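Here's my_file.txt, which has compact mmCIF, C-alpha atoms:
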```
# COMPACT_ATOMS: atom_id res chain seq x y z
CA MET M 1 -16.81 -7.70 11.19
CA THR M 2 -15.36 -7.03 14.63
CA THR M 3 -13.23 -3.97 15.11
CA THR M 4 -9.56 -4.86 15.19
CA LEU M 5 -8.34 -1.61 16.67
CA LYS M 6 -10.54 0.86 18.47
CA VAL M 7 -9.60 4.15 20.09
CA GLU M 8 -12.28 6.11 21.93
CA ASN M 9 -12.05 9.70 23.16
CA LEU M 10 -8.34 9.53 23.75
CA ASN M 11 -6.83 12.55 25.47
CA TYR M 12 -3.19 12.88 26.35
CA ARG M 13 -1.19 15.66 27.96
CA ARG M 14 2.47 15.85 28.77
CA ASN M 15 3.99 18.64 30.86
CA LEU M 16 0.70 20.54 30.68
CA LYS M 17 0.92 20.46 26.90
CA ARG M 18 -1.94 18.88 25.03
CA ILE M 19 -0.59 16.22 22.66
CA LEU M 20 -3.80 14.44 21.65
CA ALA M 21 -7.36 15.70 22.01
CA ASP M 22 -10.52 13.61 21.63
CA VAL M 23 -9.00 11.09 19.27
CA SER M 24 -11.42 8.38 18.14
CA LEU M 25 -10.58 5.80 15.52
CA SER M 26 -11.98 2.49 14.43
CA LEU M 27 -10.03 0.17 12.12
CA THR M 28 -11.33 -3.16 10.87
CA GLY M 29 -10.15 -6.03 8.75
CA ASN M 30 -6.85 -6.86 7.17
CA LYS M 31 -6.02 -3.40 5.91
CA ILE M 32 -2.89 -1.33 5.52
CA VAL M 33 -3.60 2.11 6.92
CA GLY M 34 -1.42 5.19 6.48
CA LEU M 35 -1.17 7.40 9.56
CA LEU M 36 -0.22 10.77 8.15
CA GLY M 37 0.61 14.12 9.65
CA GLU M 38 3.37 16.67 10.02
CA ASN M 39 6.26 16.09 12.37
CA GLY M 40 5.01 16.77 15.87
CA ALA M 41 1.35 16.26 14.96
CA GLY M 42 1.08 13.41 17.46
CA LYS M 43 1.46 10.34 15.22
CA THR M 44 4.23 8.73 17.23
CA THR M 45 2.48 9.48 20.53
CA LEU M 46 -0.72 7.87 19.22
CA MET M 47 1.22 4.78 18.14
CA ARG M 48 3.05 4.56 21.45
CA LEU M 49 -0.22 4.80 23.35
CA ILE M 50 -1.84 2.12 21.20
CA ALA M 51 1.21 -0.13 21.63
CA GLY M 52 1.14 0.45 25.39
CA VAL M 53 4.66 1.89 25.47
CA ALA M 54 3.31 5.28 26.57
CA LYS M 55 0.73 5.28 29.34
CA ASN M 56 -1.59 7.49 31.39
CA ALA M 57 -3.85 8.72 28.64
CA LYS M 58 -7.56 9.28 29.22
CA GLY M 59 -9.79 7.21 26.99
CA ILE M 60 -10.17 3.63 25.83
CA ILE M 61 -7.93 1.63 23.52
CA SER M 62 -8.89 -1.90 22.52
CA VAL M 63 -7.51 -4.56 20.19
CA ASN M 64 -9.92 -7.34 19.22
CA ASP M 65 -12.19 -5.91 21.96
CA LYS M 66 -9.48 -6.45 24.62
CA THR M 67 -8.50 -3.38 26.61
CA ASP M 68 -6.04 -4.66 29.22
CA LEU M 69 -2.42 -3.74 28.63
CA ALA M 70 -0.85 -7.20 28.73
CA THR M 71 -3.28 -8.69 26.21
CA ARG M 72 -2.97 -5.66 23.97
CA LYS M 73 0.81 -5.87 23.99
CA SER M 74 0.68 -9.53 23.02
CA LEU M 75 -1.57 -8.72 20.05
CA ILE M 76 0.46 -5.77 18.77
CA SER M 77 3.86 -5.82 17.09
CA TYR M 78 5.34 -2.33 17.30
CA SER M 79 8.42 -1.28 15.35
CA ASN M 80 10.37 0.25 18.19
CA PRO M 81 13.12 -2.22 18.87
CA LEU M 82 16.63 -0.94 18.28
CA GLY M 83 16.68 2.15 20.48
CA GLY M 84 17.09 0.16 23.67
CA MET M 85 19.74 -2.20 22.32
CA ALA M 86 23.44 -1.77 23.02
CA THR M 87 25.11 -0.75 19.76
CA ASN M 88 27.88 -3.37 20.09
CA LYS M 89 25.29 -6.16 19.79
CA ARG M 90 25.28 -8.26 16.65
CA ILE M 91 22.11 -8.75 14.56
CA SER M 92 22.07 -12.42 15.60
CA GLU M 93 22.08 -11.43 19.29
CA VAL M 94 19.20 -9.00 18.77
CA LYS M 95 17.25 -11.79 17.11
CA ASP M 96 17.99 -14.17 20.01
CA PHE M 97 16.67 -11.55 22.42
CA TYR M 98 13.48 -11.18 20.37
CA GLN M 99 12.99 -14.92 20.27
CA GLN M 100 13.22 -15.12 24.05
CA VAL M 101 10.92 -12.17 24.73
CA TYR M 102 8.20 -12.92 22.16
CA PRO M 103 6.72 -16.43 22.07
CA ASP M 104 5.07 -15.58 18.73
CA PHE M 105 8.43 -14.92 17.02
CA ASP M 106 8.55 -16.96 13.80
CA GLU M 107 12.20 -17.75 13.11
CA GLN M 108 11.58 -19.31 9.72
CA LYS M 109 9.78 -16.21 8.50
CA TYR M 110 12.51 -14.00 9.96
CA ASN M 111 15.16 -15.98 8.08
CA GLN M 112 13.25 -15.63 4.82
CA MET M 113 13.06 -11.88 5.30
CA ILE M 114 16.71 -11.30 6.18
CA THR M 115 17.73 -13.40 3.17
CA PHE M 116 15.46 -11.31 0.94
CA LEU M 117 16.77 -8.07 2.48
CA LYS M 118 20.38 -9.32 2.39
CA LEU M 119 21.11 -8.69 6.07
CA ASP M 120 24.38 -10.03 7.45
CA GLU M 121 23.65 -11.47 10.91
CA SER M 122 27.22 -11.06 12.10
CA GLN M 123 27.11 -7.27 11.73
CA ARG M 124 27.00 -5.09 14.84
CA LEU M 125 24.22 -2.53 15.24
CA SER M 126 26.76 0.30 15.34
CA ALA M 127 27.91 -0.64 11.82
CA LEU M 128 24.45 -0.56 10.23
CA SER M 129 23.45 2.17 7.81
CA LYS M 130 20.09 3.85 8.32
CA GLY M 131 18.54 1.75 5.54
CA THR M 132 19.95 -1.54 6.86
CA GLY M 133 18.78 -0.65 10.38
CA GLU M 134 15.24 -0.13 9.10
CA LYS M 135 15.38 -3.43 7.22
CA LEU M 136 16.29 -5.18 10.48
CA VAL M 137 13.49 -3.38 12.34
CA ILE M 138 10.96 -4.46 9.70
CA SER M 139 12.19 -8.07 9.80
CA LEU M 140 11.95 -8.21 13.60
CA THR M 141 8.54 -6.53 13.67
CA LEU M 142 6.98 -8.70 10.96
CA ALA M 143 8.52 -11.91 12.32
CA ARG M 144 6.07 -11.74 15.21
CA GLN M 145 2.66 -13.27 14.52
CA ALA M 146 0.45 -10.41 15.67
CA SER M 147 -3.04 -9.06 14.98
CA VAL M 148 -1.84 -5.50 14.60
CA TYR M 149 1.45 -4.18 13.22
CA LEU M 150 2.45 -0.60 13.97
CA LEU M 151 5.30 0.73 11.83
CA ASP M 152 6.52 4.13 12.94
CA GLU M 153 8.04 6.02 9.99
CA PRO M 154 9.83 3.01 8.49
CA PHE M 155 10.96 5.04 5.48
CA SER M 156 12.31 8.22 7.02
CA GLY M 157 15.76 9.10 5.74
CA ILE M 158 16.44 5.97 3.72
CA ASP M 159 17.33 5.57 0.05
CA SER M 160 14.78 4.57 -2.57
CA MET M 161 16.24 1.09 -3.16
CA SER M 162 15.92 0.18 0.52
CA ARG M 163 12.44 1.68 0.54
CA LYS M 164 11.30 -0.51 -2.34
CA LYS M 165 12.74 -3.59 -0.66
CA ILE M 166 10.94 -2.78 2.58
CA ILE M 167 7.63 -2.12 0.80
CA ASN M 168 8.04 -5.45 -0.98
CA SER M 169 8.68 -7.23 2.33
CA ILE M 170 5.55 -5.69 3.80
CA ILE M 171 3.40 -6.96 0.92
CA GLN M 172 5.00 -10.38 1.02
CA TRP M 173 5.11 -11.04 4.77
CA LYS M 174 2.24 -9.11 6.36
CA PRO M 175 -0.04 -11.93 7.60
CA ALA M 176 -3.23 -12.05 5.52
CA ASP M 177 -5.58 -11.52 8.47
CA SER M 178 -3.66 -8.74 10.21
CA LEU M 179 -4.09 -4.98 10.39
CA MET M 180 -1.13 -2.72 9.68
CA VAL M 181 -0.70 0.96 10.49
CA ILE M 182 2.24 2.79 8.88
CA SER M 183 3.04 6.34 9.92
CA ASP M 184 4.76 8.73 7.57
CA HIS M 185 4.90 12.43 6.91
CA TYR M 186 5.64 11.91 3.24
CA VAL M 187 2.86 9.97 1.60
CA SER M 188 3.64 9.53 -2.10
CA GLU M 189 6.13 6.71 -1.48
CA ILE M 190 3.60 4.46 0.20
CA ALA M 191 0.33 5.64 -1.38
CA PRO M 192 -0.09 2.65 -3.74
CA ILE M 193 -0.06 0.14 -0.87
CA LEU M 194 -2.51 1.93 1.42
CA ASP M 195 -6.15 0.88 1.83
CA GLU M 196 -7.04 3.86 3.97
CA ILE M 197 -5.48 7.03 5.28
CA VAL M 198 -5.85 8.65 8.67
CA VAL M 199 -4.62 12.22 9.01
CA VAL M 200 -3.55 13.63 12.38
CA LYS M 201 -3.59 17.42 12.52
CA ASP M 202 -3.89 19.91 15.36
CA ASN M 203 -3.74 17.11 17.98
CA THR M 204 -6.63 15.11 16.58
CA ILE M 205 -7.79 12.98 13.65
CA VAL M 206 -9.24 15.14 10.88
CA VAL M 207 -9.63 12.58 8.09
CA HIS M 208 -10.20 8.84 7.86
CA LYS M 209 -10.93 7.70 4.31
CA ALA M 210 -10.31 4.90 1.82
CA ALA M 211 -7.43 5.79 -0.52
CA ASP M 212 -9.24 4.75 -3.71
CA THR M 213 -12.33 6.69 -2.57
CA ILE M 214 -10.20 9.84 -2.38
CA ARG M 215 -8.85 9.21 -5.87
CA GLU M 216 -12.35 8.47 -7.20
CA GLU M 217 -14.11 11.40 -5.55
CA SER M 218 -11.50 14.12 -5.90
CA GLY M 219 -9.43 12.97 -8.88
CA GLN M 220 -6.44 13.95 -6.75
CA SER M 221 -3.38 11.97 -5.80
CA ILE M 222 -3.21 11.05 -2.11
CA GLU M 223 -0.32 13.46 -1.71
CA ASP M 224 -2.21 16.40 -3.28
CA TYR M 225 -5.25 15.63 -1.19
CA TYR M 226 -3.16 15.43 1.96
CA GLU M 227 -1.43 18.72 1.18
CA SER M 228 -4.77 20.39 0.44
CA LEU M 229 -5.77 19.75 4.06
CA TYR M 230 -2.94 22.03 5.08
CA GLY M 231 -3.47 24.57 2.28
CA GLU M 232 -7.04 25.24 3.39
CA ALA M 233 -5.93 25.84 6.95
CA ASP M 234 -3.43 28.43 5.79
CA SER M 235 -6.01 30.36 3.82
CA ASN M 236 -8.32 30.46 6.85
CA ASP M 237 -5.66 32.04 8.99
CA MET F 1 5.14 -0.81 -11.98
CA GLU F 2 4.45 2.92 -11.66
CA PHE F 3 0.88 3.92 -10.96
CA ASP F 4 -0.84 7.23 -11.55
CA ASP F 5 -1.82 8.16 -8.02
CA LYS F 6 -4.76 10.26 -9.24
CA VAL F 7 -6.60 7.18 -10.53
CA PRO F 8 -7.95 4.42 -8.24
CA ILE F 9 -5.31 1.71 -8.05
CA TYR F 10 -7.79 -1.16 -8.42
CA TYR F 11 -8.88 0.35 -11.75
CA GLN F 12 -5.28 0.55 -12.97
CA ILE F 13 -4.65 -3.08 -12.00
CA LYS F 14 -7.70 -4.06 -14.06
CA THR F 15 -6.37 -2.09 -17.01
CA VAL F 16 -2.97 -3.80 -16.80
CA ILE F 17 -4.51 -7.27 -16.80
CA TYR F 18 -7.06 -6.47 -19.52
CA ASP F 19 -4.25 -5.11 -21.70
CA GLN F 20 -2.33 -8.37 -21.22
CA ILE F 21 -5.41 -10.39 -22.16
CA ILE F 22 -6.08 -8.33 -25.30
CA ALA F 23 -2.41 -8.42 -26.32
CA GLY F 24 -2.45 -12.21 -25.92
CA GLN F 25 0.18 -12.29 -23.17
CA LEU F 26 -2.56 -13.94 -21.14
CA ALA F 27 -4.40 -16.45 -23.31
CA PRO F 28 -8.02 -17.59 -22.83
CA GLY F 29 -8.10 -20.19 -20.07
CA ASP F 30 -4.73 -19.14 -18.63
CA LYS F 31 -4.36 -19.17 -14.88
CA LEU F 32 -3.68 -15.78 -13.27
CA PRO F 33 -0.84 -15.52 -10.74
CA ALA F 34 -1.83 -15.91 -7.07
CA ILE F 35 -3.18 -12.76 -5.44
CA ARG F 36 -0.17 -12.14 -3.23
CA GLN F 37 2.18 -12.78 -6.13
CA LEU F 38 0.28 -10.19 -8.20
CA ALA F 39 0.44 -7.76 -5.28
CA VAL F 40 4.20 -8.20 -4.94
CA SER F 41 4.89 -7.89 -8.68
CA LEU F 42 2.71 -4.76 -8.99
CA THR F 43 3.81 -3.38 -5.56
CA VAL F 44 0.27 -2.89 -4.36
CA ASN F 45 -1.87 -4.01 -1.49
CA VAL F 46 -3.41 -7.50 -1.50
CA ASN F 47 -6.87 -6.01 -0.83
CA THR F 48 -6.58 -3.76 -3.87
CA VAL F 49 -5.72 -6.74 -6.08
CA GLN F 50 -8.71 -8.55 -4.61
CA ARG F 51 -11.01 -5.66 -5.46
CA ALA F 52 -9.70 -5.56 -9.05
CA LEU F 53 -10.24 -9.33 -9.34
CA ARG F 54 -13.76 -9.04 -7.97
CA GLU F 55 -14.65 -6.54 -10.68
CA MET F 56 -13.04 -8.65 -13.41
CA ILE F 57 -15.03 -11.65 -12.17
CA ASP F 58 -18.24 -9.57 -12.14
CA GLU F 59 -17.53 -8.50 -15.70
CA GLY F 60 -17.09 -12.14 -16.72
CA VAL F 61 -13.52 -11.72 -17.96
CA VAL F 62 -12.01 -13.70 -15.10
CA ILE F 63 -13.47 -16.95 -13.83
CA SER F 64 -12.83 -17.90 -10.23
CA GLN F 65 -12.58 -21.62 -9.51
CA ARG F 66 -12.83 -22.47 -5.86
CA GLY F 67 -9.56 -23.89 -4.57
CA ARG F 68 -7.91 -23.77 -7.97
CA GLY F 69 -7.43 -20.07 -8.57
CA ASN F 70 -8.48 -17.45 -11.09
CA PHE F 71 -8.52 -18.00 -14.83
CA VAL F 72 -8.93 -15.88 -17.94
CA THR F 73 -12.28 -16.73 -19.50
CA SER F 74 -12.13 -19.18 -22.41
CA ASN F 75 -15.12 -17.39 -23.94
CA ALA F 76 -13.57 -15.75 -27.02
CA GLU F 77 -16.62 -13.51 -27.41
CA ILE F 78 -15.97 -11.77 -24.09
CA VAL F 79 -12.31 -11.17 -24.96
CA GLU F 80 -13.34 -9.84 -28.37
CA GLN F 81 -15.83 -7.52 -26.73
CA LEU F 82 -13.14 -6.29 -24.33
CA LYS F 83 -10.87 -5.58 -27.28
CA GLN F 84 -13.63 -3.69 -29.09
CA GLU F 85 -14.30 -1.55 -26.02
CA LEU F 86 -10.65 -0.63 -25.77
CA ILE F 87 -10.41 0.22 -29.48
CA ASP F 88 -13.54 2.37 -29.18
CA ARG F 89 -12.13 4.17 -26.16
CA TYR F 90 -8.86 5.09 -27.92
CA LEU F 91 -10.63 6.03 -31.15
CA LYS F 92 -13.04 8.22 -29.24
CA GLN F 93 -10.14 10.09 -27.63
CA LEU F 94 -8.52 10.64 -31.02
CA TYR F 95 -11.77 11.57 -32.73
CA ASP F 96 -12.90 13.97 -29.99
CA GLN F 97 -9.57 15.78 -30.05
CA LEU F 98 -9.45 16.18 -33.81
CA HIS F 99 -13.13 17.05 -33.98
CA ARG F 100 -12.59 19.82 -31.46
CA LEU F 101 -10.06 21.32 -33.86
CA ASN F 102 -12.78 21.50 -36.55
CA ILE F 103 -11.16 18.85 -38.72
CA SER F 104 -13.78 17.25 -40.94
CA ASP F 105 -14.65 13.55 -40.68
CA GLU F 106 -13.43 13.03 -44.22
CA GLN F 107 -10.09 14.63 -43.50
CA ILE F 108 -9.71 12.58 -40.29
CA VAL F 109 -10.21 9.36 -42.29
CA ASN F 110 -7.69 10.50 -44.91
CA GLU F 111 -5.14 11.53 -42.30
CA VAL F 112 -5.47 8.25 -40.41
CA THR F 113 -5.07 6.25 -43.63
CA ALA F 114 -2.05 8.29 -44.69
CA TYR F 115 -0.53 7.97 -41.21
CA ILE F 116 -0.92 4.19 -41.21
CA GLU F 117 0.74 4.01 -44.63
CA ARG F 118 3.68 6.07 -43.42
CA GLN F 119 3.98 3.86 -40.31
CA GLY F 120 3.86 0.78 -42.54
CA ASP F 121 6.74 2.17 -44.63
CA LEU F 122 8.74 2.87 -41.48
CA ASN F 123 8.20 -0.66 -40.21
CA ASP F 124 9.22 -2.09 -43.60
CA ASP F 125 12.42 -0.03 -43.47
CA ASN F 126 13.14 -1.33 -40.00
CA THR F 127 12.69 -4.96 -40.94
CA GLU F 128 14.90 -4.57 -44.03
CA SER F 129 17.79 -2.96 -42.20
```
Go ahead and render the structure in this file as C-alpha cells.
Amino acid sequence: MTTTLKVENLNYRRNLKRILADVSLSLTGNKIVGLLGENGAGKTTLMRLIAGVAKNAKGIISVNDKTDLATRKSLISYSNPLGGMATNKRISEVKDFYQQVYPDFDEQKYNQMITFLKLDESQRLSALSKGTGEKLVISLTLARQASVYLLDEPFSGIDSMSRKKIINSIIQWKPADSLMVISDHYVSEIAPILDEIVVVKDNTIVVHKAADTIREESGQSIEDYYESLYGEADSND
Amino acid sequence: MEFDDKVPIYYQIKTVIYDQIIAGQLAPGDKLPAIRQLAVSLTVNVNTVQRALREMIDEGVVISQRGRGNFVTSNAEIVEQLKQELIDRYLKQLYDQLHRLNISDEQIVNEVTAYIERQGDLNDDNTES
C-alpha cells in the first residue's frame, strides 16, 4: 500500500520559538486518525503545514508521494474556511465561492449534507451559532473530493447534539478511499470512530498506534491511555 | 449505541450482531445491512465494521457473497453453537462468582431453580394484570 500522507523530519520555528521538532509520520489507507494533544502542543501548526497554509518548515511533506505545494493543496481538503469570509456573507454565497475555487467541489453531496444538518442557506455567517458554523465547515470540507481531509478541532465548544450530527456526517460522507485526520484535545467524544491515534506532545509525535490495539493491549479507554501519557511525565518531573 | 471504550470496538460490534442472531432478530439467511449503513447506525468507523465482519466470516457465522452482500449463515448448527457459547460464558461468570463465595454446587442449583420459579411467578403476575 502506498503511503497517503508522509511527513519526514519536520522542524518548524516561529519567532525563535521551536513549534515542531523532528516530526515524522506515515499514514496509509482509508483511515480516520485522531491527532491528539494539549492546546498549544503543535497540532494546528502541523495541520497547517501539511495543508500548505503555513510554510517555511524544514523537512519533507508528501501526499500520494507528491511533494510540491500546488499538487498537495489539490489533494487535501482542510477545514479552515470561514475565518477569511466576511461575516455579512450568506451561506449560499460561501458555497458559490467554494464552487468557483475548488473544481472538485461536489454540489450534490454538499446539498445532501446541508439537508441532513438542517442548514438554512439564506442565513448570514454572523448569525450562525458555533455549532451551526462547524456544521457548515464540515459540509464545505467534505464536499470536496480529496485524498486527505484535515479537520482541525471540529468539535471544540459545540453542544452534544451538533457533535453527534457532525460525527454522523463524517461516517456517511467521508469518501471510502480517503484518509482523514481529526485533531482534538478531548478524545472520548470521537474515540469510537478512530482507527488510529497520533499524540503530539513537547513539540513532537510521541505515540502513533491503532485505537483497538491500545484497548486490547492496555485494557484502557483511549482517553485514560491518552491521559496516562501526561501523568507519567508529571511523575518524572 | 454506546460503546465501552476499554474494549476493542470491533469486538463489541461482533457481540451486538451475534446477540441479534441468537435472539432471532436476525434470522438464518438474512442479509446484513450494508457496511456503511452499519457504521452510521452504530456510530463507528467503516474500517472497524469491516474488521468485525471479517472475523464473523472467519468464524463461519456470516457468509459473504460477492456483489450481493453479507448474510447470516443458514447453517442452524453454527447458530446453535454460538448460542451455547454465549450461555456457557454467562453461566461461567455466575458460577465463578458464587463459587468464590464458597457456595456449594448443590446450593447454587437450588438457588437458581428457586430464582427461576420466583421470576416465573412475577411474569405470570405481569401478564395477568
Distance table requested - chain M against chain F, cut-off 6 Å, only C-alpha atoms: one row per qualifying residue with the closest atom pair and its distance in Å to one decimal, ordered by chain and rising residue number, as a Markdown table.
```
| residue | atom | partner | partner_atom | distance |
| --- | --- | --- | --- | --- |
| M:Pro192 | CA | F:Val44 | CA | 5.6 |
| M:Ile193 | CA | F:Asn45 | CA | 4.6 |
| M:Asp212 | CA | F:Pro8 | CA | 4.7 |
| M:Arg215 | CA | F:Lys6 | CA | 5.4 |
| M:Gly219 | CA | F:Lys6 | CA | 5.4 |
| M:Gln220 | CA | F:Lys6 | CA | 4.8 |
| M:Ser221 | CA | F:Lys6 | CA | 4.1 |
```
Note to self: Between M:Ser147, M:Ser24, M:Ser129, M:Ser178, which residue has the minimum interatomic distance to Gly59 (chain M), considering only C-alpha atoms?
What the structure shows: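 Ranking M:Ser147, M:Ser24, M:Ser129, M:Ser178 by distance to Gly59 (chain M), first place goes to M:Ser24.
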Next item on the list: Point out the residue among F:Ala34, F:Ala27, F:Met56, F:Ile22 with the least atom-to-atom distance to Lys83 (chain F), counting only C-alpha atoms.
Entry: F:Ile22
I'd like the box whose edges run along x, y and z of the file and which contains every listed atom of region 25-34 of chain F, padded by 8 Å per side; could you state its centre and edge lengths in Å, one decimal, as JSON?
```
{"center_x": -4.0, "center_y": -16.2, "center_z": -15.2, "size_x": 24.3, "size_y": 23.9, "size_z": 32.2}
```
Check: CA of Tyr230 (chain M) and CA of Ala21 (chain M) are how many Å apart?
Finding: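 These atoms are spaced 18.6 Å apart.
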Notebook entry, point to check: Residues at most 10 Å from region 65-70 of chain M, counting all atoms listed in the file, excluding those fewer than 5 positions away in the same chain, as a PyMOL selection string?
Noted result: chain M and resi 2-6+50-53+55+60+75
Item checked: Atomic separation - CA of Glu196 (chain M) relative to CA of Lys209 (chain M), Å -> 5.5 Å
Go through region 136-209 of chain M and flag each residue having an atom no more than 9 Å from region 90-105 of chain M; for those, report the closest pair of atoms plus their distance in Å to one decimal, using all atoms listed in the file, ordered by chain and rising number, as a Markdown table.
```
| residue | atom | partner | partner_atom | distance |
| --- | --- | --- | --- | --- |
| M:Leu136 | CA | M:Ile91 | CA | 8.0 |
| M:Leu140 | CA | M:Lys95 | CA | 7.3 |
| M:Leu142 | CA | M:Phe105 | CA | 8.8 |
| M:Ala143 | CA | M:Phe105 | CA | 5.6 |
| M:Arg144 | CA | M:Phe105 | CA | 4.4 |
| M:Gln145 | CA | M:Asp104 | CA | 5.4 |
| M:Ala146 | CA | M:Asp104 | CA | 7.6 |
```
